[in-house]
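Engineer: Can you keep this structure in mind? I'll have questions shortly.
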Amino acid sequence: MNTSTLSLALVSLFAALIAVFGLIPKIDLPLGVPITLQTLGVMLAGCMLGPKRALQALVLFLAAVALGLPLLSGGRGGIGVFFAPASGYLIGWPLGAFVTGWVMSLLPTSSPRRSAISAFMASVVGGLLVVHVCGVIGLVHIANLTWEQAIMGTLVFVPGDLIKCALCATVVHTVARGLPDWRFGG
Amino acid sequence: MGSLYSDIPTWLHRVPAGLKLLALAGLGMGLMGAQQWPLLLAVSAVCVLIFVSLGAASVRAKPLVMGVLMASALVAGFHVWMAQPMLAAVTVMRLISATLMGITLTLTTRYTDLLGVFEWVLSPLQKLGLRTDRFALQLALMLRFTEHFFVMWRRLDDAYRLRTGQSGGFKILAPLTIQMLFTTRRVADALTLRLRR
Amino acid sequence: MQPLPKMSTFSHGPSSMALEDVRLQRGNTCVFDGLTLALHEPRIGLIGDNGAGKSSLFRLLCGLDRPQAGRVLVPEGAQAVGMMFQNPDDQIIFPTVEEELALSLPQASFTRAQAQQHVREVLQARGLAEWATRAIGSLSQGQRQHVCWLALTLAPHRVLLLDEPFASLDLPGQALLTQEIANAPQQILVSTHVLAHVRHFGRVIWLDQGRVRADGAGADVCAAYEADVASRTTA
């Protein structure tokens, strides 16, 4: 099997996973902050694919959204979403996926339990920290919030995201058991 | 899952995609620095007019517009509450202008036309090693997989329900991922065969 | 749906495929050891238990796997050998029929618009004009399998490998595919559990644990395999 076609297919697969998370009917939060299940997709992409492919998957996903496909939670899509106050978070996704994958590649994955712990830590750094930092920058520049206000605002969503990190770790744990040869972190 | 493109033709439908994208990029960048409210007011008024001129075609984007209005109201409310009404006005005007024009672009431009522009814009990245010619293929495959995920989810959920009497919920996510990874290997095989030149 | 009348889009010269003393190892299992086969007949059936090596043989022939020893000889050209997998969902890439079929056409000779035109003409010729813009998701399993078959015939393949193509087809679907196989100009190898479809083939090979157990006229080999299975089940 050709590794480059496998990479191509995996990138599309995880972009699809993030789309699936967006298409599941969900309660839309006001202010349009996309801290949704889709962040779980970002974390999973990073842990499973490694930094380079995870980045590609997120770029592919965002490109699809930019082209007009309603793949963000609540059926949102189109270039307009990149001008919304919460667009910082969106831009944070590819970066977050990359960092998650990079951290995952540095951490031990020799057993399912170790992989799960590594996945949790990688998700916190990449999927949570990086995404929120980007989100805050976006809020400051687009919604004209002060740094303190934006940080206060973003902290509200951290508990939910921590749960997602744990969920990501659980999935990684099961995948590690089902596919013992899988190279986490790419 | 349909796209947000509107079949109802408007004057903007005839404008080439690249031109619209360029105008939007220019607007976005111009708005970024703008702080003077008379200018912003004028720009916002023009944007609203353009959007309204789409007429029936804009109906499809109603949820998006509602979302923008809600976000704007919240942001404005916040700034007013912090006793900064001018900041509220400026922020809201920028938000509405940019987002409305983004929505307008999406409503009036075919997916395939935008794709063409994207591929053209991304083509210099090929020198960095990014395979941009495969972009359309990856997009299509992404949509196929999205469909497939739902089918597979339903199938696994049915199996789970038969055995436990309850819906699986997120317990199924991991088995679903494993199944889809297996499918991806097979799809990669088929792709290898079809893309060989 | 009508079967395609005998016509070829690409020239089909003599195809010669062969395996010479091939050894294939997968992990710790030795799938083939010293396998030698000449595959020149226009229609060859491949039967045997699961795990006998039928899919592995196909993967060797289309180049997805490479042997650890020996040679696999196939006709010239990157697209000389094509394969249809068991599950259509594993191989359909594009969301609509015409995009999927257009992928089969050589990109050097067709622009996007020309490819779309050609695909529509081909579908028209088969009475399937309305399939062009249909979403794959709206087609039945059998119809999707048919799309995979069409994609195969549109590509410049000289040899077609069909891996259990009848598995998910209803009776009419099986009848149609049998007709298609009979009329196609390419050399075709069919791996199947439904012996009825290869019984009339000029040559059928029975694979058993990586070795050729029987090789000859379709009717004879099928009968021998059936007898063997019967004796194993009643024993």
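For the structure tokens, the naming scheme is as follows: chains receive sequential letters (A, B, ...) according to their order of presentation, residues are indexed from 1 within each chain, and ligands are indexed from 1 in presentation order.
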Per residue of chain C within 12 Å of chain A, record the nearest atom pair and its distance in Å to one decimal, counting only C-alpha atoms, with rows in chain order and ascending residue number, as a Markdown table.
Structural biologist:
| residue | atom | partner | partner_atom | distance |
| --- | --- | --- | --- | --- |
| C:Arg59 | CA | A:Met1 | CA | 9.7 |
| C:Leu60 | CA | A:Met1 | CA | 11.2 |
| C:Cys62 | CA | A:Met1 | CA | 11.1 |
| C:Gly63 | CA | A:Met1 | CA | 8.8 |
| C:Leu64 | CA | A:Met1 | CA | 5.5 |
| C:Asp65 | CA | A:Met1 | CA | 6.9 |
| C:Arg66 | CA | A:Met1 | CA | 9.6 |
| C:Asp90 | CA | A:Ala9 | CA | 11.3 |
| C:Gln91 | CA | A:Ala9 | CA | 11.2 |
| C:Ile93 | CA | A:Ala9 | CA | 9.8 |
| C:Phe94 | CA | A:Ser12 | CA | 12.0 |
Engineer: Would you mind exporting the chosen residues as a short mmCIF file (atom, residue, chain, number, x, y, z; two decimals), in the first residue's frame, restricted to N, CA and C atoms?
Structural biologist:
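This is the output file out.cif:
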data_model
loop_
_atom_site.label_atom_id
_atom_site.label_comp_id
_atom_site.auth_asym_id
_atom_site.auth_seq_id
_atom_site.Cartn_x
_atom_site.Cartn_y
_atom_site.Cartn_z
N ARG C 59 -3.89 -9.09 -5.11
CA ARG C 59 -3.09 -7.94 -4.69
C ARG C 59 -1.71 -7.99 -5.32
N LEU C 60 -1.18 -9.19 -5.49
CA LEU C 60 0.12 -9.32 -6.16
C LEU C 60 0.00 -8.89 -7.62
N CYS C 62 -2.13 -6.88 -9.06
CA CYS C 62 -2.35 -5.46 -9.36
C CYS C 62 -1.29 -4.57 -8.73
N GLY C 63 -0.34 -5.19 -8.04
CA GLY C 63 0.80 -4.42 -7.57
C GLY C 63 0.64 -3.78 -6.19
N LEU C 64 -0.43 -4.11 -5.49
CA LEU C 64 -0.59 -3.55 -4.14
C LEU C 64 0.39 -4.19 -3.17
N ASP C 65 0.72 -5.45 -3.43
CA ASP C 65 1.72 -6.13 -2.61
C ASP C 65 2.85 -6.59 -3.51
N ARG C 66 4.05 -6.64 -2.94
CA ARG C 66 5.19 -7.14 -3.72
C ARG C 66 5.70 -8.41 -3.08
N ASP C 90 -15.96 0.78 -0.16
CA ASP C 90 -14.53 0.91 0.11
C ASP C 90 -13.78 1.57 -1.02
N GLN C 91 -14.42 1.72 -2.16
CA GLN C 91 -13.64 2.24 -3.27
C GLN C 91 -14.25 3.43 -3.98
N ILE C 93 -14.97 7.15 -4.35
CA ILE C 93 -14.32 8.32 -3.77
C ILE C 93 -15.23 9.54 -3.79
N PHE C 94 -15.88 9.74 -4.93
CA PHE C 94 -16.62 10.99 -5.11
C PHE C 94 -18.09 10.83 -4.73
#
Engineer: Using only C-alpha atoms, find the residues of chain A whose closest atom to chain B is at most 9 Å away, then write them as number ranges by chain.
Structural biologist: A: 1-20, 23, 30-32, 60-61, 63-64, 66-71, 74-85, 141-145, 170-175, 178-179
Engineer: If DSSP is run on the backbone, what residues of chain A are alpha helix (DSSP H)? A reply as number ranges by chain would be ideal.
Structural biologist: A: 3-23, 38-49, 51-66, 87-106, 112-122, 131-142, 147-155, 158-178
Engineer: Write out as a list of chain:residue names every residue belonging to chain C that has an atom at most 9 Å from any atom of chain B, counting only C-alpha atoms.
Structural biologist: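 Interface list for chain C against chain B: C:Cys62, C:Gly63, C:Leu64, C:Gly77, C:Ala78, C:Gln79, C:Val81, C:Gly82, C:Met83, C:Met84, C:Phe85, C:Asp89, C:Asp90, C:Gln91, C:Ile92, C:Ile93, C:Phe94, C:Pro95, C:Leu103, C:Ser104, C:Pro106, C:Gln107, C:Ile136, C:Gly137, C:Ala155.
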Engineer: Store the residues picked out above in a file with C-alpha atoms, as a short mmCIF file (atom, residue, chain, number, x, y, z; two decimals), in the first residue's frame.
Structural biologist:
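Okay, this is what ended up in again_15.cif:
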data_model
loop_
_atom_site.label_atom_id
_atom_site.label_comp_id
_atom_site.auth_asym_id
_atom_site.auth_seq_id
_atom_site.Cartn_x
_atom_site.Cartn_y
_atom_site.Cartn_z
CA CYS C 62 -2.35 -5.46 -9.36
CA GLY C 63 0.80 -4.42 -7.57
CA LEU C 64 -0.59 -3.55 -4.14
CA GLY C 77 1.44 0.32 -18.22
CA ALA C 78 0.65 1.79 -14.83
CA GLN C 79 -3.06 1.20 -15.34
CA VAL C 81 -4.43 -4.09 -14.22
CA GLY C 82 -7.55 -2.88 -12.47
CA MET C 83 -9.35 -4.35 -9.50
CA MET C 84 -12.85 -4.22 -8.11
CA PHE C 85 -13.04 -4.77 -4.37
CA ASP C 89 -18.21 1.65 -0.30
CA ASP C 90 -14.53 0.91 0.11
CA GLN C 91 -13.64 2.24 -3.27
CA ILE C 92 -16.03 4.99 -4.28
CA ILE C 93 -14.32 8.32 -3.77
CA PHE C 94 -16.62 10.99 -5.11
CA PRO C 95 -20.09 11.85 -3.89
CA LEU C 103 -11.81 9.82 -12.16
CA SER C 104 -11.23 6.72 -14.27
CA PRO C 106 -6.75 9.49 -18.00
CA GLN C 107 -6.27 13.05 -16.79
CA ILE C 136 -23.85 7.80 -4.47
CA GLY C 137 -25.61 7.77 -1.14
CA ALA C 155 -10.26 3.15 -17.22
#
Engineer: What's the 12 Å shell around Val190 in chain C, counting only C-alpha atoms, without same-chain residues fewer than 5 positions away, as a PyMOL selection string?
Structural biologist: chain C and resi 42-48+54-55+57-58+83-86+159-167+177-178+181-182+195-199+201+203-206+218
Engineer: Give me a file of those residues, with N, CA and C atoms, as a short mmCIF file (atom, residue, chain, number, x, y, z; two decimals), in the first residue's frame.
Structural biologist:
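Below is the file that was written, part-v9.cif:
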data_model
loop_
_atom_site.label_atom_id
_atom_site.label_comp_id
_atom_site.auth_asym_id
_atom_site.auth_seq_id
_atom_site.Cartn_x
_atom_site.Cartn_y
_atom_site.Cartn_z
N PRO C 42 -8.65 -15.65 -21.42
CA PRO C 42 -9.47 -14.44 -21.30
C PRO C 42 -10.37 -14.41 -20.07
N ARG C 43 -10.81 -15.61 -19.63
CA ARG C 43 -11.65 -15.65 -18.43
C ARG C 43 -11.12 -16.73 -17.50
N ILE C 44 -10.74 -16.30 -16.29
CA ILE C 44 -10.23 -17.27 -15.33
C ILE C 44 -10.99 -17.10 -14.02
N GLY C 45 -11.44 -18.21 -13.47
CA GLY C 45 -12.13 -18.16 -12.18
C GLY C 45 -11.15 -18.54 -11.08
N LEU C 46 -11.39 -18.02 -9.88
CA LEU C 46 -10.52 -18.32 -8.76
C LEU C 46 -11.41 -18.71 -7.59
N ILE C 47 -11.29 -19.94 -7.15
CA ILE C 47 -12.15 -20.39 -6.06
C ILE C 47 -11.31 -20.99 -4.94
N GLY C 48 -11.94 -21.17 -3.79
CA GLY C 48 -11.23 -21.75 -2.66
C GLY C 48 -11.78 -21.18 -1.37
N LYS C 54 -6.75 -16.10 -2.26
CA LYS C 54 -7.33 -15.52 -3.48
C LYS C 54 -7.10 -14.02 -3.53
N SER C 55 -7.44 -13.33 -2.43
CA SER C 55 -7.25 -11.87 -2.44
C SER C 55 -5.77 -11.52 -2.51
N LEU C 57 -3.46 -13.16 -4.02
CA LEU C 57 -3.03 -13.34 -5.41
C LEU C 57 -3.41 -12.11 -6.23
N PHE C 58 -4.62 -11.63 -6.02
CA PHE C 58 -5.06 -10.44 -6.75
C PHE C 58 -4.20 -9.23 -6.40
N MET C 83 -8.70 -3.42 -10.42
CA MET C 83 -9.35 -4.35 -9.50
C MET C 83 -10.63 -3.77 -8.93
N MET C 84 -11.61 -4.62 -8.76
CA MET C 84 -12.85 -4.22 -8.11
C MET C 84 -12.91 -4.95 -6.77
N PHE C 85 -13.01 -4.18 -5.70
CA PHE C 85 -13.04 -4.77 -4.37
C PHE C 85 -14.44 -5.24 -4.04
N GLN C 86 -14.53 -6.03 -2.99
CA GLN C 86 -15.78 -6.63 -2.63
C GLN C 86 -16.84 -5.60 -2.28
N VAL C 159 -6.52 -5.72 -17.95
CA VAL C 159 -6.95 -6.87 -17.16
C VAL C 159 -7.82 -6.36 -16.02
N LEU C 160 -8.90 -7.09 -15.74
CA LEU C 160 -9.75 -6.73 -14.61
C LEU C 160 -9.75 -7.86 -13.60
N LEU C 161 -9.51 -7.52 -12.34
CA LEU C 161 -9.59 -8.50 -11.27
C LEU C 161 -10.84 -8.19 -10.46
N LEU C 162 -11.73 -9.14 -10.35
CA LEU C 162 -12.96 -8.90 -9.61
C LEU C 162 -12.95 -9.78 -8.36
N ASP C 163 -12.89 -9.13 -7.20
CA ASP C 163 -12.79 -9.85 -5.93
C ASP C 163 -14.18 -10.02 -5.34
N GLU C 164 -14.73 -11.20 -5.45
CA GLU C 164 -16.06 -11.52 -4.94
C GLU C 164 -17.11 -10.49 -5.36
N PRO C 165 -17.25 -10.28 -6.66
CA PRO C 165 -18.14 -9.22 -7.12
C PRO C 165 -19.62 -9.53 -6.95
N PHE C 166 -19.96 -10.81 -6.80
CA PHE C 166 -21.38 -11.16 -6.74
C PHE C 166 -21.91 -11.14 -5.32
N ALA C 167 -21.02 -10.94 -4.36
CA ALA C 167 -21.38 -11.12 -2.95
C ALA C 167 -22.61 -10.33 -2.53
N LEU C 177 -24.27 -8.55 -14.21
CA LEU C 177 -22.81 -8.57 -14.14
C LEU C 177 -22.25 -9.73 -14.96
N THR C 178 -22.93 -10.87 -14.92
CA THR C 178 -22.46 -12.01 -15.71
C THR C 178 -22.44 -11.66 -17.19
N ILE C 181 -19.58 -9.24 -17.88
CA ILE C 181 -18.29 -9.94 -17.91
C ILE C 181 -18.13 -10.68 -19.24
N ALA C 182 -19.22 -11.27 -19.71
CA ALA C 182 -19.14 -12.03 -20.95
C ALA C 182 -18.79 -11.12 -22.13
N LEU C 195 -20.14 -20.44 -7.19
CA LEU C 195 -19.50 -21.19 -8.26
C LEU C 195 -20.25 -21.11 -9.59
N ALA C 196 -21.55 -20.91 -9.51
CA ALA C 196 -22.34 -20.90 -10.74
C ALA C 196 -21.80 -19.89 -11.74
N HIS C 197 -21.19 -18.81 -11.25
CA HIS C 197 -20.77 -17.76 -12.15
C HIS C 197 -19.47 -18.04 -12.87
N VAL C 198 -18.73 -19.02 -12.40
CA VAL C 198 -17.46 -19.30 -13.08
C VAL C 198 -17.41 -20.72 -13.64
N ARG C 199 -18.49 -21.45 -13.44
CA ARG C 199 -18.49 -22.82 -13.90
C ARG C 199 -18.27 -22.94 -15.40
N PHE C 201 -16.50 -20.90 -17.19
CA PHE C 201 -15.23 -20.29 -17.61
C PHE C 201 -14.32 -21.36 -18.21
N ARG C 203 -11.24 -21.61 -17.73
CA ARG C 203 -10.26 -22.08 -16.77
C ARG C 203 -10.64 -21.61 -15.37
N VAL C 204 -10.59 -22.52 -14.41
CA VAL C 204 -10.81 -22.15 -13.02
C VAL C 204 -9.67 -22.72 -12.19
N ILE C 205 -9.17 -21.92 -11.27
CA ILE C 205 -8.08 -22.36 -10.40
C ILE C 205 -8.62 -22.49 -8.99
N TRP C 206 -8.34 -23.61 -8.35
CA TRP C 206 -8.76 -23.82 -6.96
C TRP C 206 -7.53 -23.64 -6.08
N GLY C 218 -13.58 -25.13 -16.12
CA GLY C 218 -14.42 -24.62 -15.04
C GLY C 218 -15.29 -25.66 -14.39
#
Engineer: Kindly indicate which residue among A:Ser118, A:Thr100, A:Ser123, A:Ser87 lies nearest to Gly138 in chain A, using only C-alpha atoms for the distances.
Structural biologist: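 Using only C-alpha atoms, Gly138 in chain A sits closest to A:Ser87.
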Engineer: Go through C:Ala113, C:Met17, C:Leu101, C:Leu169 one by one, measure the shortest atom-to-atom distance of each to Asn87 in chain C using only C-alpha atoms, and give the residue with the smallest value.
Structural biologist: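 Distance minimum relative to Asn87 in chain C lands on C:Leu169.
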Engineer: Neighbours of Asp158 in chain B within 12 Å (only C-alpha atoms; same-chain residues fewer than 5 positions away dropped), as a JSON list (two decimals) with C-alpha atoms, in the first residue's frame?
Structural biologist:
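Done, and the output landed in selection_3.json:
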[["chain", "number", "residue", "atom", "x", "y", "z"],
["B", 151, "VAL", "CA", -24.07, 4.98, 8.05],
["B", 152, "MET", "CA", -21.46, 3.18, 10.11],
["B", 153, "TRP", "CA", -22.60, 4.91, 13.30],
["B", 163, "ARG", "CA", -27.57, -6.55, 22.42],
["B", 164, "THR", "CA", -28.17, -4.14, 25.27],
["B", 165, "GLY", "CA", -31.54, -2.57, 24.56],
["B", 166, "GLN", "CA", -30.13, 0.94, 24.77],
["B", 167, "SER", "CA", -28.55, 3.45, 22.48],
["B", 168, "GLY", "CA", -24.80, 3.42, 22.52],
["B", 169, "GLY", "CA", -24.17, 7.13, 22.51],
["B", 172, "ILE", "CA", -19.58, 3.79, 20.13]]
Engineer: For CA of Gly186 in chain A and CA of Leu49 in chain A, quote the distance in Å rounded to one decimal.
Structural biologist: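 Result for CA of Gly186 in chain A versus CA of Leu49 in chain A: 4.9 Å, one decimal.
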Engineer: DSSP on the backbone, then: every residue of range 1-203 of chain C marked strand (DSSP E), written as a PDB file with C-alpha atoms, in the first residue's frame.
Structural biologist:
ATOM      1  CA  MET C  17       0.275 -12.358 -16.717  1.00  0.00           C
ATOM      2  CA  ALA C  18       2.309 -14.865 -14.844  1.00  0.00           C
ATOM      3  CA  LEU C  19       3.782 -15.640 -11.464  1.00  0.00           C
ATOM      4  CA  GLU C  20       7.216 -17.209 -11.315  1.00  0.00           C
ATOM      5  CA  ASP C  21       8.258 -18.936  -8.140  1.00  0.00           C
ATOM      6  CA  VAL C  22       6.611 -16.314  -5.984  1.00  0.00           C
ATOM      7  CA  ARG C  23       6.991 -16.214  -2.227  1.00  0.00           C
ATOM      8  CA  LEU C  24       4.718 -13.882  -0.261  1.00  0.00           C
ATOM      9  CA  GLN C  25       5.115 -13.399   3.452  1.00  0.00           C
ATOM     10  CA  ARG C  26       2.667 -11.477   5.530  1.00  0.00           C
ATOM     11  CA  THR C  29       2.466 -16.227   7.774  1.00  0.00           C
ATOM     12  CA  CYS C  30       3.799 -17.506   4.503  1.00  0.00           C
ATOM     13  CA  VAL C  31       0.963 -16.943   2.061  1.00  0.00           C
ATOM     14  CA  PHE C  32       2.634 -18.295  -1.072  1.00  0.00           C
ATOM     15  CA  ASP C  33       5.798 -20.293  -1.421  1.00  0.00           C
ATOM     16  CA  GLY C  34       7.186 -21.030  -4.847  1.00  0.00           C
ATOM     17  CA  LEU C  35       3.913 -20.315  -6.627  1.00  0.00           C
ATOM     18  CA  THR C  36       4.164 -20.482 -10.411  1.00  0.00           C
ATOM     19  CA  LEU C  37       1.192 -19.724 -12.612  1.00  0.00           C
ATOM     20  CA  ALA C  38       0.640 -18.643 -16.177  1.00  0.00           C
ATOM     21  CA  LEU C  39      -2.530 -16.582 -16.641  1.00  0.00           C
ATOM     22  CA  ARG C  43     -11.653 -15.653 -18.434  1.00  0.00           C
ATOM     23  CA  ILE C  44     -10.231 -17.271 -15.327  1.00  0.00           C
ATOM     24  CA  GLY C  45     -12.126 -18.156 -12.182  1.00  0.00           C
ATOM     25  CA  LEU C  46     -10.519 -18.325  -8.761  1.00  0.00           C
ATOM     26  CA  ILE C  47     -12.155 -20.386  -6.055  1.00  0.00           C
ATOM     27  CA  ALA C  69      10.897 -13.687  -3.856  1.00  0.00           C
ATOM     28  CA  GLY C  70      10.055 -14.517  -7.423  1.00  0.00           C
ATOM     29  CA  ARG C  71       8.506 -12.429 -10.168  1.00  0.00           C
ATOM     30  CA  VAL C  72       5.053 -11.174 -11.005  1.00  0.00           C
ATOM     31  CA  LEU C  73       4.655 -10.447 -14.703  1.00  0.00           C
ATOM     32  CA  VAL C  81      -4.426  -4.094 -14.224  1.00  0.00           C
ATOM     33  CA  GLY C  82      -7.549  -2.882 -12.472  1.00  0.00           C
ATOM     34  CA  MET C  83      -9.346  -4.348  -9.501  1.00  0.00           C
ATOM     35  CA  MET C  84     -12.846  -4.220  -8.109  1.00  0.00           C
ATOM     36  CA  VAL C 159      -6.949  -6.868 -17.156  1.00  0.00           C
ATOM     37  CA  LEU C 160      -9.750  -6.729 -14.610  1.00  0.00           C
ATOM     38  CA  LEU C 161      -9.590  -8.503 -11.271  1.00  0.00           C
ATOM     39  CA  LEU C 162     -12.962  -8.903  -9.605  1.00  0.00           C
ATOM     40  CA  ASP C 163     -12.791  -9.848  -5.933  1.00  0.00           C
ATOM     41  CA  GLN C 187      -9.045 -10.192 -19.666  1.00  0.00           C
ATOM     42  CA  ILE C 188     -11.038 -10.896 -16.524  1.00  0.00           C
ATOM     43  CA  LEU C 189     -10.240 -12.881 -13.400  1.00  0.00           C
ATOM     44  CA  VAL C 190     -13.100 -13.511 -10.993  1.00  0.00           C
ATOM     45  CA  SER C 191     -12.705 -14.666  -7.423  1.00  0.00           C
ATOM     46  CA  ARG C 203     -10.264 -22.083 -16.770  1.00  0.00           C
TER      47      ARG C 203
END
